[in-house]
$ cat model-v6.txt   # compact mmCIF, C-alpha atoms
# COMPACT_ATOMS: atom_id res chain seq x y z
CA MET A 267 26.86 39.49 -71.86
CA HIS A 268 25.05 42.78 -71.62
CA LEU A 269 25.38 44.14 -68.09
CA ALA A 270 21.77 45.28 -68.08
CA TYR A 271 20.47 41.71 -67.81
CA PRO A 272 21.83 40.92 -64.33
CA ALA A 273 21.36 44.50 -63.13
CA VAL A 274 17.70 44.65 -64.13
CA LEU A 275 17.04 41.16 -62.76
CA ALA A 276 18.61 42.16 -59.44
CA ALA A 277 16.54 45.35 -59.28
CA LEU A 278 13.32 43.45 -59.96
CA LEU A 279 14.14 40.76 -57.39
CA PHE A 280 14.87 43.44 -54.83
CA CYS A 281 11.51 45.07 -55.46
CA VAL A 282 9.74 41.71 -55.13
CA GLY A 283 11.47 41.35 -51.77
CA VAL A 284 10.36 44.86 -50.76
CA TYR A 285 6.79 43.96 -51.61
CA GLY A 286 7.02 40.79 -49.56
CA VAL A 287 8.43 42.55 -46.51
CA LEU A 288 5.72 45.20 -46.63
CA ALA A 289 2.75 43.02 -47.53
CA ARG A 290 3.28 39.79 -45.62
CA ARG A 291 1.88 39.23 -42.18
CA ASN A 292 3.63 36.08 -41.00
CA ALA A 293 7.08 36.80 -39.57
CA ILE A 294 8.67 33.81 -41.32
CA LEU A 295 7.34 34.96 -44.70
CA VAL A 296 8.91 38.34 -44.00
CA LEU A 297 12.21 36.59 -43.34
CA MET A 298 11.89 34.82 -46.72
CA SER A 299 11.40 38.17 -48.43
CA VAL A 300 14.48 39.53 -46.69
CA GLU A 301 16.41 36.60 -48.13
CA LEU A 302 15.17 37.53 -51.60
CA MET A 303 16.44 41.09 -51.15
CA LEU A 304 19.83 39.87 -49.94
CA ASN A 305 20.09 37.58 -52.95
CA ALA A 306 19.33 40.42 -55.31
CA VAL A 307 22.22 42.37 -53.83
CA ASN A 308 24.44 39.30 -54.17
CA LEU A 309 23.62 39.02 -57.86
CA ASN A 310 24.55 42.67 -58.34
CA LEU A 311 27.85 42.18 -56.53
CA VAL A 312 28.80 39.14 -58.59
CA ALA A 313 27.82 40.79 -61.88
CA PHE A 314 29.83 43.93 -61.19
CA ASP A 315 32.79 41.92 -59.93
CA VAL A 316 32.85 39.94 -63.17
CA TRP A 317 32.36 43.09 -65.22
CA LEU A 318 35.15 45.07 -63.56
CA ARG A 319 37.56 42.11 -63.41
CA ASP A 320 38.57 43.18 -59.95
CA THR A 321 41.97 41.84 -58.95
CA LEU A 322 40.96 41.70 -55.28
CA HIS A 323 37.61 40.08 -56.16
CA ALA A 324 35.94 42.32 -53.62
CA GLY A 325 32.49 41.59 -55.03
CA GLN A 326 32.78 37.84 -54.67
CA ALA A 327 34.36 38.03 -51.23
CA LEU A 328 31.58 40.35 -50.11
CA THR A 329 29.02 37.96 -51.57
CA LEU A 330 30.42 35.11 -49.52
CA PHE A 331 30.38 37.28 -46.41
CA ILE A 332 26.78 38.29 -47.07
CA ILE A 333 25.76 34.66 -47.49
CA THR A 334 27.40 33.83 -44.15
CA ILE A 335 25.80 36.79 -42.39
CA ALA A 336 22.44 35.86 -43.90
CA ALA A 337 22.79 32.38 -42.43
CA ALA A 338 23.53 33.87 -39.00
CA GLU A 339 20.66 36.32 -39.43
CA ILE A 340 18.18 33.60 -40.31
CA GLY A 341 19.24 31.58 -37.27
CA LEU A 342 18.83 34.48 -34.89
CA GLY A 343 15.66 35.69 -36.60
CA LEU A 344 14.03 32.29 -36.30
CA ALA A 345 15.04 32.07 -32.63
CA ILE A 346 13.40 35.45 -32.04
CA VAL A 347 10.28 34.44 -33.98
CA LEU A 348 9.99 31.22 -31.98
CA LEU A 349 10.39 33.16 -28.75
CA VAL A 350 7.67 35.58 -29.79
CA TYR A 351 5.45 32.68 -30.77
CA ARG A 352 6.03 31.05 -27.40
CA ASN A 353 5.22 34.21 -25.50
CA ARG A 354 2.38 35.61 -27.58
CA GLY A 355 0.93 32.55 -29.24
CA SER A 356 1.21 34.00 -32.71
CA SER A 357 3.86 34.99 -35.24
CA ASP A 358 1.63 37.62 -36.78
CA ILE A 359 3.66 40.81 -36.92
CA ASP A 360 0.58 42.97 -37.39
CA ARG A 361 -0.49 42.03 -33.89
CA LEU A 362 2.82 42.82 -32.20
CA THR A 363 1.85 46.39 -31.41
CA ALA A 364 2.92 46.60 -27.78
CA LEU A 365 5.26 49.49 -28.59
CA ALA A 366 2.94 51.23 -31.04
CA ASP A 367 1.83 54.80 -30.62
CA HIS A 368 -1.92 54.77 -30.91
CA GLY A 369 -2.37 58.52 -31.13
CA GLN A 370 -3.97 60.47 -28.38
CA PRO A 371 -6.16 58.55 -25.93
CA ALA A 372 -9.90 59.02 -25.87
CA PRO A 373 -10.77 62.15 -23.91
CA ASP A 374 -13.44 60.76 -21.64
CA GLY A 375 -12.89 57.03 -21.68
CA PRO A 376 -11.11 55.06 -19.00
CA ASP A 377 -7.33 55.30 -19.03
CA LEU A 378 -6.82 51.98 -20.73
CA PRO A 379 -3.95 52.34 -23.21
CA GLY A 380 -4.29 50.77 -26.60
CA PRO A 381 -1.41 48.29 -26.31
CA ALA A 382 -2.90 46.62 -23.25
CA ALA A 383 -6.14 46.04 -25.10
CA ASP A 384 -4.23 44.60 -28.02
CA ASP A 385 -2.32 42.35 -25.63
CA GLU A 386 -5.52 41.00 -24.25
CA LYS A 387 -6.81 40.37 -27.73
CA ALA A 388 -3.66 38.53 -28.67
CA GLU A 389 -3.84 36.43 -25.55
CA ALA A 390 -7.48 35.64 -26.17
CA THR A 391 -6.86 34.46 -29.71
CA ALA A 392 -3.80 32.46 -28.77
CA MET B 153 27.07 66.20 -83.86
CA SER B 154 28.19 66.17 -80.27
CA LEU B 155 25.93 63.20 -79.63
CA SER B 156 27.68 61.17 -82.27
CA THR B 157 31.10 62.05 -80.91
CA LYS B 158 29.96 61.04 -77.46
CA LEU B 159 28.68 57.81 -78.92
CA ASP B 160 32.00 57.25 -80.60
CA VAL B 161 33.87 57.84 -77.37
CA ASN B 162 31.50 55.48 -75.60
CA LEU B 163 31.99 52.88 -78.26
CA ALA B 164 35.74 53.22 -78.09
CA ALA B 165 35.66 52.83 -74.33
CA ASN B 166 33.57 49.72 -74.72
CA VAL B 167 35.87 48.25 -77.27
CA SER B 168 38.81 48.83 -74.97
CA ALA B 169 36.96 47.37 -71.97
CA ALA B 170 35.60 44.30 -73.68
CA ALA B 171 37.55 42.88 -76.53
CA HIS B 172 34.45 42.62 -78.64
CA HIS B 173 30.87 43.43 -78.02
CA PRO B 174 27.92 42.17 -79.92
CA GLY B 175 25.06 44.39 -80.89
CA PHE B 176 22.19 44.96 -78.59
CA LEU B 177 19.78 43.09 -80.81
CA SER B 178 21.91 40.04 -81.34
CA PRO B 179 21.87 38.22 -78.03
CA THR B 180 24.28 35.40 -77.51
CA GLY B 181 23.34 32.00 -76.19
CA VAL B 182 24.51 32.91 -72.71
CA GLU B 183 22.27 35.94 -72.74
CA ILE B 184 19.25 33.95 -73.85
CA THR B 185 19.89 31.36 -71.17
CA PHE B 186 20.34 34.10 -68.59
CA LEU B 187 17.08 35.69 -69.66
CA LEU B 188 15.09 32.47 -69.48
CA VAL B 189 16.50 31.42 -66.11
CA GLY B 190 15.99 34.97 -64.89
CA LEU B 191 12.33 34.87 -65.90
CA ALA B 192 11.87 31.59 -64.03
CA THR B 193 13.65 33.04 -60.99
CA LEU B 194 11.55 36.16 -61.03
CA GLY B 195 8.33 34.17 -61.39
CA ALA B 196 9.29 31.93 -58.47
CA ALA B 197 10.13 35.00 -56.38
CA VAL B 198 6.77 36.59 -57.16
CA LEU B 199 5.01 33.35 -56.23
CA THR B 200 7.03 33.26 -53.00
CA VAL B 201 5.66 36.60 -51.89
CA THR B 202 2.12 36.11 -53.18
CA THR B 203 1.12 32.51 -52.52
CA ARG B 204 -1.30 31.94 -49.67
CA GLN B 205 0.08 28.55 -48.71
CA LEU B 206 2.97 29.09 -46.35
CA VAL B 207 4.84 25.88 -47.11
CA HIS B 208 4.53 26.50 -50.84
CA ALA B 209 6.18 29.88 -50.30
CA ALA B 210 9.24 28.12 -48.88
CA LEU B 211 9.30 25.67 -51.79
CA TRP B 212 9.05 28.46 -54.37
CA LEU B 213 11.90 30.15 -52.55
CA VAL B 214 13.97 27.03 -53.31
CA VAL B 215 13.26 27.51 -57.02
CA ALA B 216 14.19 31.19 -56.87
CA LEU B 217 17.45 30.57 -55.01
CA GLY B 218 18.36 27.67 -57.29
CA GLY B 219 17.73 29.85 -60.31
CA LEU B 220 20.05 32.45 -58.85
CA ALA B 221 22.71 29.77 -58.46
CA VAL B 222 22.37 29.03 -62.18
CA GLU B 223 22.76 32.75 -62.88
CA TYR B 224 25.99 32.78 -60.89
CA LEU B 225 27.21 29.86 -62.97
CA LEU B 226 26.39 31.76 -66.15
CA LEU B 227 28.39 34.70 -64.80
CA THR B 228 31.33 32.27 -64.33
CA ALA B 229 31.23 32.58 -60.53
CA GLU B 230 31.08 28.88 -59.88
CA PHE B 231 32.25 28.85 -56.27
CA ILE B 232 29.55 31.35 -55.29
CA ALA B 233 27.02 29.18 -57.10
CA TRP B 234 27.89 26.08 -55.12
CA VAL B 235 27.98 27.99 -51.85
CA GLN B 236 24.55 29.34 -52.75
CA VAL B 237 23.23 25.83 -53.32
CA LEU B 238 24.81 24.51 -50.13
CA ILE B 239 23.82 27.26 -47.73
CA TYR B 240 20.67 28.83 -49.11
CA VAL B 241 18.94 25.86 -50.69
CA GLY B 242 20.44 23.36 -48.29
CA SER B 243 20.21 25.00 -44.93
CA VAL B 244 18.35 28.31 -44.91
CA VAL B 245 15.22 26.93 -46.56
CA VAL B 246 15.26 23.91 -44.25
CA LEU B 247 15.48 26.29 -41.30
CA LEU B 248 12.55 28.29 -42.65
CA LEU B 249 10.51 25.12 -43.02
CA PHE B 250 11.38 24.16 -39.44
CA GLY B 251 10.29 27.61 -38.33
CA LEU B 252 7.00 27.26 -40.17
CA MET B 253 6.36 23.92 -38.52
CA LEU B 254 7.34 25.03 -35.03
CA THR B 255 5.04 28.05 -35.19
CA ARG B 256 2.22 25.72 -36.26
CA ALA B 257 1.67 27.35 -39.59
CA PRO B 258 -1.56 26.23 -41.24
CA ILE B 259 -1.05 23.63 -43.96
CA GLY B 260 -3.77 24.68 -46.38
CA ARG B 261 -4.58 28.11 -47.73
CA SER B 262 -4.43 30.73 -45.04
CA PRO B 263 -6.58 33.75 -45.90
CA ASP B 264 -4.66 36.12 -43.63
CA ALA B 265 -1.20 35.63 -45.07
CA ASP B 266 -1.21 39.17 -46.44
CA SER B 267 -1.81 42.18 -44.26
CA GLU B 268 -4.31 44.85 -45.15
CA ASN B 269 -1.73 47.37 -46.31
CA ARG B 270 -1.11 45.27 -49.40
CA PRO B 271 -2.07 47.99 -51.95
CA VAL B 272 0.39 50.38 -50.34
CA ALA B 273 3.09 47.74 -50.46
CA LEU B 274 2.31 47.06 -54.11
CA ALA B 275 2.50 50.76 -54.93
CA VAL B 276 5.84 51.16 -53.13
CA ALA B 277 7.30 48.09 -54.81
CA LEU B 278 6.11 49.14 -58.27
CA ALA B 279 7.46 52.66 -57.84
CA ALA B 280 10.81 51.30 -56.66
CA ALA B 281 10.90 48.83 -59.55
CA VAL B 282 10.16 51.45 -62.18
CA THR B 283 12.74 53.85 -60.76
CA LEU B 284 15.47 51.26 -60.33
CA VAL B 285 14.97 49.59 -63.70
CA TRP B 286 14.87 52.93 -65.46
CA VAL B 287 18.05 54.18 -63.81
CA VAL B 288 19.92 50.89 -64.22
CA ALA B 289 18.92 50.37 -67.84
CA ASP B 290 19.82 53.96 -68.65
CA ALA B 291 23.17 53.80 -66.88
CA PHE B 292 24.38 50.49 -68.31
CA ARG B 293 22.87 50.73 -71.76
CA SER B 294 26.18 50.23 -73.51
CA THR B 295 28.10 48.05 -71.11
CA TRP B 296 29.10 44.50 -71.82
CA ILE B 297 30.59 41.87 -69.58
CA ASN B 298 33.44 39.98 -71.12
CA LEU B 299 32.83 36.39 -70.13
CA HIS B 300 35.65 34.97 -72.21
CA GLY B 301 39.09 34.19 -70.99
CA VAL B 302 39.94 32.91 -67.53
CA ALA B 303 36.95 32.28 -65.27
CA GLN B 304 36.45 35.04 -62.74
CA GLY B 305 35.06 32.95 -59.93
CA SER B 306 36.64 29.51 -59.97
CA SER B 307 37.44 27.99 -56.61
CA ARG B 308 41.12 28.66 -57.12
CA VAL B 309 40.68 32.36 -57.84
CA THR B 310 38.15 32.88 -55.06
CA GLY B 311 40.23 30.99 -52.53
CA GLU B 312 43.36 32.90 -53.36
CA SER B 313 41.70 36.28 -53.08
CA LEU B 314 39.82 35.25 -49.93
CA PHE B 315 42.83 33.99 -48.04
CA ARG B 316 45.28 36.53 -49.35
CA HIS B 317 43.39 39.79 -49.17
CA TRP B 318 40.33 39.06 -47.06
CA VAL B 319 41.69 36.98 -44.19
CA LEU B 320 40.88 39.42 -41.41
CA PRO B 321 37.20 39.88 -42.33
CA PHE B 322 36.97 36.12 -42.78
CA GLU B 323 38.19 35.50 -39.24
CA ALA B 324 35.98 38.26 -37.88
CA LEU B 325 33.04 36.51 -39.51
CA SER B 326 33.79 33.32 -37.62
CA VAL B 327 33.60 35.31 -34.38
CA LEU B 328 30.29 36.75 -35.55
CA LEU B 329 28.97 33.28 -36.26
CA LEU B 330 30.02 32.16 -32.79
CA ALA B 331 28.15 35.13 -31.33
CA ALA B 332 25.09 34.20 -33.40
CA LEU B 333 25.31 30.61 -32.13
CA VAL B 334 25.48 31.75 -28.51
CA GLY B 335 22.74 34.30 -29.09
CA ALA B 336 20.37 31.77 -30.62
CA ILE B 337 20.92 29.39 -27.70
CA VAL B 338 20.41 32.15 -25.14
CA LEU B 339 17.27 33.32 -26.88
CA SER B 340 15.80 29.84 -27.12
CA ARG B 341 16.36 28.52 -23.62
CA ARG B 342 14.11 29.21 -20.70
CA ASP B 343 16.00 30.77 -17.86
CA GLY B 344 15.47 30.59 -14.12
CA ALA B 345 12.81 28.58 -12.39
CA ASP B 346 10.79 28.29 -15.55
CA ALA B 347 13.31 25.95 -17.08
CA TYR B 348 12.85 23.36 -14.36
CA ALA B 349 9.24 23.96 -13.48
CA GLY B 350 7.85 23.99 -16.98
CA ALA B 351 6.88 20.60 -18.30
CA ASP B 352 6.03 22.33 -21.55
CA THR B 353 7.12 20.29 -24.51
CA GLY B 354 7.12 23.34 -26.74
CA ALA B 355 10.04 24.84 -24.85
CA GLY B 356 12.33 21.91 -25.50
CA ALA B 357 11.40 21.74 -29.15
CA SER B 358 12.03 25.40 -29.82
CA ALA B 359 15.27 25.39 -27.85
CA ASP B 360 16.46 22.56 -30.05
CA ALA B 361 15.41 24.46 -33.12
CA GLY B 362 17.27 27.59 -32.10
CA ALA B 363 20.44 25.71 -31.33
CA GLY B 364 20.12 23.82 -34.61
CA ALA B 365 19.70 27.10 -36.45
CA ALA B 366 22.85 28.55 -34.99
CA ALA B 367 24.76 25.33 -35.54
CA ASN B 368 23.69 25.32 -39.15
CA ALA B 369 24.84 28.89 -39.55
CA ARG B 370 28.15 27.88 -38.05
CA THR B 371 28.65 25.01 -40.46
CA GLY B 372 27.57 27.30 -43.26
CA GLY B 373 30.39 29.63 -42.34
CA LYS B 374 32.85 26.79 -42.21
CA GLU B 375 31.90 25.75 -45.68
CA ASN B 376 32.81 29.20 -46.79
$ encode --input "model-v6.txt" --output "structure tokens"
Amino acid sequence: MHLAYPAVLAALLFCVGVYGVLARRNAILVLMSVELMLNAVNLNLVAFDVWLRDTLHAGQALTLFIITIAAAEIGLGLAIVLLVYRNRGSSDIDRLTALADHGQPAPDGPDLPGPAADDEKAEATA
Amino acid sequence: MSLSTKLDVNLAANVSAAAHHPGFLSPTGVEITFLLVGLATLGAAVLTVTTRQLVHAALWLVVALGGLAVEYLLLTAEFIAWVQVLIYVGSVVVLLLFGLMLTRAPIGRSPDADSENRPVALAVALAAAVTLVWVVADAFRSTWINLHGVAQGSSRVTGESLFRHWVLPFEALSVLLLAALVGAIVLSRRDGADAYAGADTGAGASADAGAGAAANARTGGKEN
């Protein structure tokens, strides 16, 4: 088999995952896109392992380790998302801006920082 | 002149690496199957990141991950393929569906599934895709995988290499999975007075989900 087939497929899958991570708003959809990216890397590892006929089978061992770590990551990630949902009433990552830097504050307005206002909005919509 | 010599050297290297290599324009059956399954996988992945129905995204992810399992089979890595089916399709997607339900994701079309920086994301992804595909296709233009002979990823081969050369990372991974289990439980439980005062049903449900997630990860590791 031509090596370009799996390599190009892995590159395209990775880019689809990049798009999903950047464009999605729901935290669980972002986690799905991360899974897509990890799978693209796995496909690359398996293809190159089979191509090089590695005696240690480093590619396949690493693929198994990545699958295991992805399972652990999805467990922890979902626990974090559920915790955020419980505390903030939403799993919308665009609204989690408590640590954001909102530029310089308004010169004459009251000293209400941006994050607090966002917090109130999030609480109100929850 | 020098180009042709370089081509000859390349060709000779290929012949030595793979016993025989077909021409670029004469795809074998395995290649055609790989291409078709790859197209289905890619389409399912694109639908996963673009559909507006959250549950449908998880179901399209099943198709994409299953297609990848078929690709592993075509690359003769059968053990990886079955682990992929067991862990990704069997447990990770179920966890994602549980997460969608526990965060009360809307069932129908949700208009705000995509954030407003979608054009930027599309531009970044397209630029990365063009760059990566160009580089990869240019680098591996004349490289063939030899799929004949003994299978590279049968359970026997994978098990031998895993337990002969990769035992220490394997054991370290079990410790990592234990840490993930404990971490998920700690994250999901309510500590202090809240745990006893709160009659909130949501707390119990999400604590169960977190513990289930970690337990699933643990069993996933054991299956490895």
$ closest_atom_pairs --input "model-v6.txt" --of "region 307-350 of chain A" --to "region 251-263 of chain B" --cutoff "9 Å" --atoms "all atoms listed in the file" --output "tab-separated table"
residue	atom	partner	partner_atom	distance
A:Leu344	CA	B:Gly251	CA	6.3
A:Ala345	CA	B:Gly251	CA	8.7
A:Val347	CA	B:Gly251	CA	8.1
A:Leu348	CA	B:Thr255	CA	6.7
$ closest_residue --input "model-v6.txt" --among "A:Ile332, A:Ile294, A:Val274, A:Val287" --to "Leu191 (chain B)" --atoms "all atoms listed in the file"
A:Val274
$ interface_residues --input "model-v6.txt" --of "chain A" --to "chain B" --cutoff "8 Å" --atoms "all atoms listed in the file" --output "number ranges by chain"
A: 267-271, 273-275, 277-279, 281-286, 288-292, 294-295, 298-299, 302, 305, 309, 312-313, 316-317, 319, 322-323, 326-327, 329-331, 333-335, 337-342, 344-346, 348-349, 351-352, 356-357, 360
$ atom_distance --input "model-v6.txt" --atom1 "CA of Val307 (chain A)" --atom2 "CA of Val189 (chain B)"
17.4 Å
$ atom_distance --input "model-v6.txt" --atom1 "CA of Val350 (chain A)" --atom2 "CA of Leu362 (chain A)"
9.0 Å
$ atom_distance --input "model-v6.txt" --atom1 "CA of Glu323 (chain B)" --atom2 "CA of Gly242 (chain B)"
23.3 Å
$ closest_residue --input "model-v6.txt" --among "A:Ala324, A:Pro272, A:Ala336, A:Ile359" --to "Ala306 (chain A)" --atoms "all atoms listed in the file"
A:Pro272
$ residues_around --input "model-v6.txt" --residues "Phe314 (chain A)" --least-positions-apart "4" --cutoff "8 Å" --atoms "all atoms listed in the file" --output "list in words"
Asn310, Leu318 and Gly325 of chain A
$ closest_residue --input "model-v6.txt" --among "B:Val241, B:Trp212, B:Ser306, B:Leu188" --to "Leu225 (chain B)" --atoms "only C-alpha atoms"
B:Ser306
$ closest_residue --input "model-v6.txt" --among "A:Asn353, A:Gly343, A:Leu365, A:Thr321" --to "Ala293 (chain A)" --atoms "all atoms listed in the file"
A:Gly343
$ decode --input "model-v6.txt" --residues "region 181-197 of chain B" --atoms "C-alpha atoms" --output "short mmCIF file (atom, residue, chain, number, x, y, z; two decimals), in the first residue's frame"
data_model
loop_
_atom_site.label_atom_id
_atom_site.label_comp_id
_atom_site.auth_asym_id
_atom_site.auth_seq_id
_atom_site.Cartn_x
_atom_site.Cartn_y
_atom_site.Cartn_z
CA GLY B 181 -7.64 -3.79 -3.80
CA VAL B 182 -6.38 -2.96 -0.34
CA GLU B 183 -5.66 0.58 -1.43
CA ILE B 184 -9.10 1.02 -2.95
CA THR B 185 -10.73 -0.32 0.20
CA PHE B 186 -8.54 1.94 2.32
CA LEU B 187 -9.51 4.92 0.20
CA LEU B 188 -13.24 4.24 0.39
CA VAL B 189 -13.25 3.58 4.13
CA GLY B 190 -11.05 6.64 4.58
CA LEU B 191 -13.53 8.80 2.70
CA ALA B 192 -16.36 7.52 4.90
CA THR B 193 -14.26 8.15 8.02
CA LEU B 194 -13.38 11.65 6.93
CA GLY B 195 -16.99 12.46 6.08
CA ALA B 196 -18.16 11.19 9.48
CA ALA B 197 -15.45 13.26 11.18
#
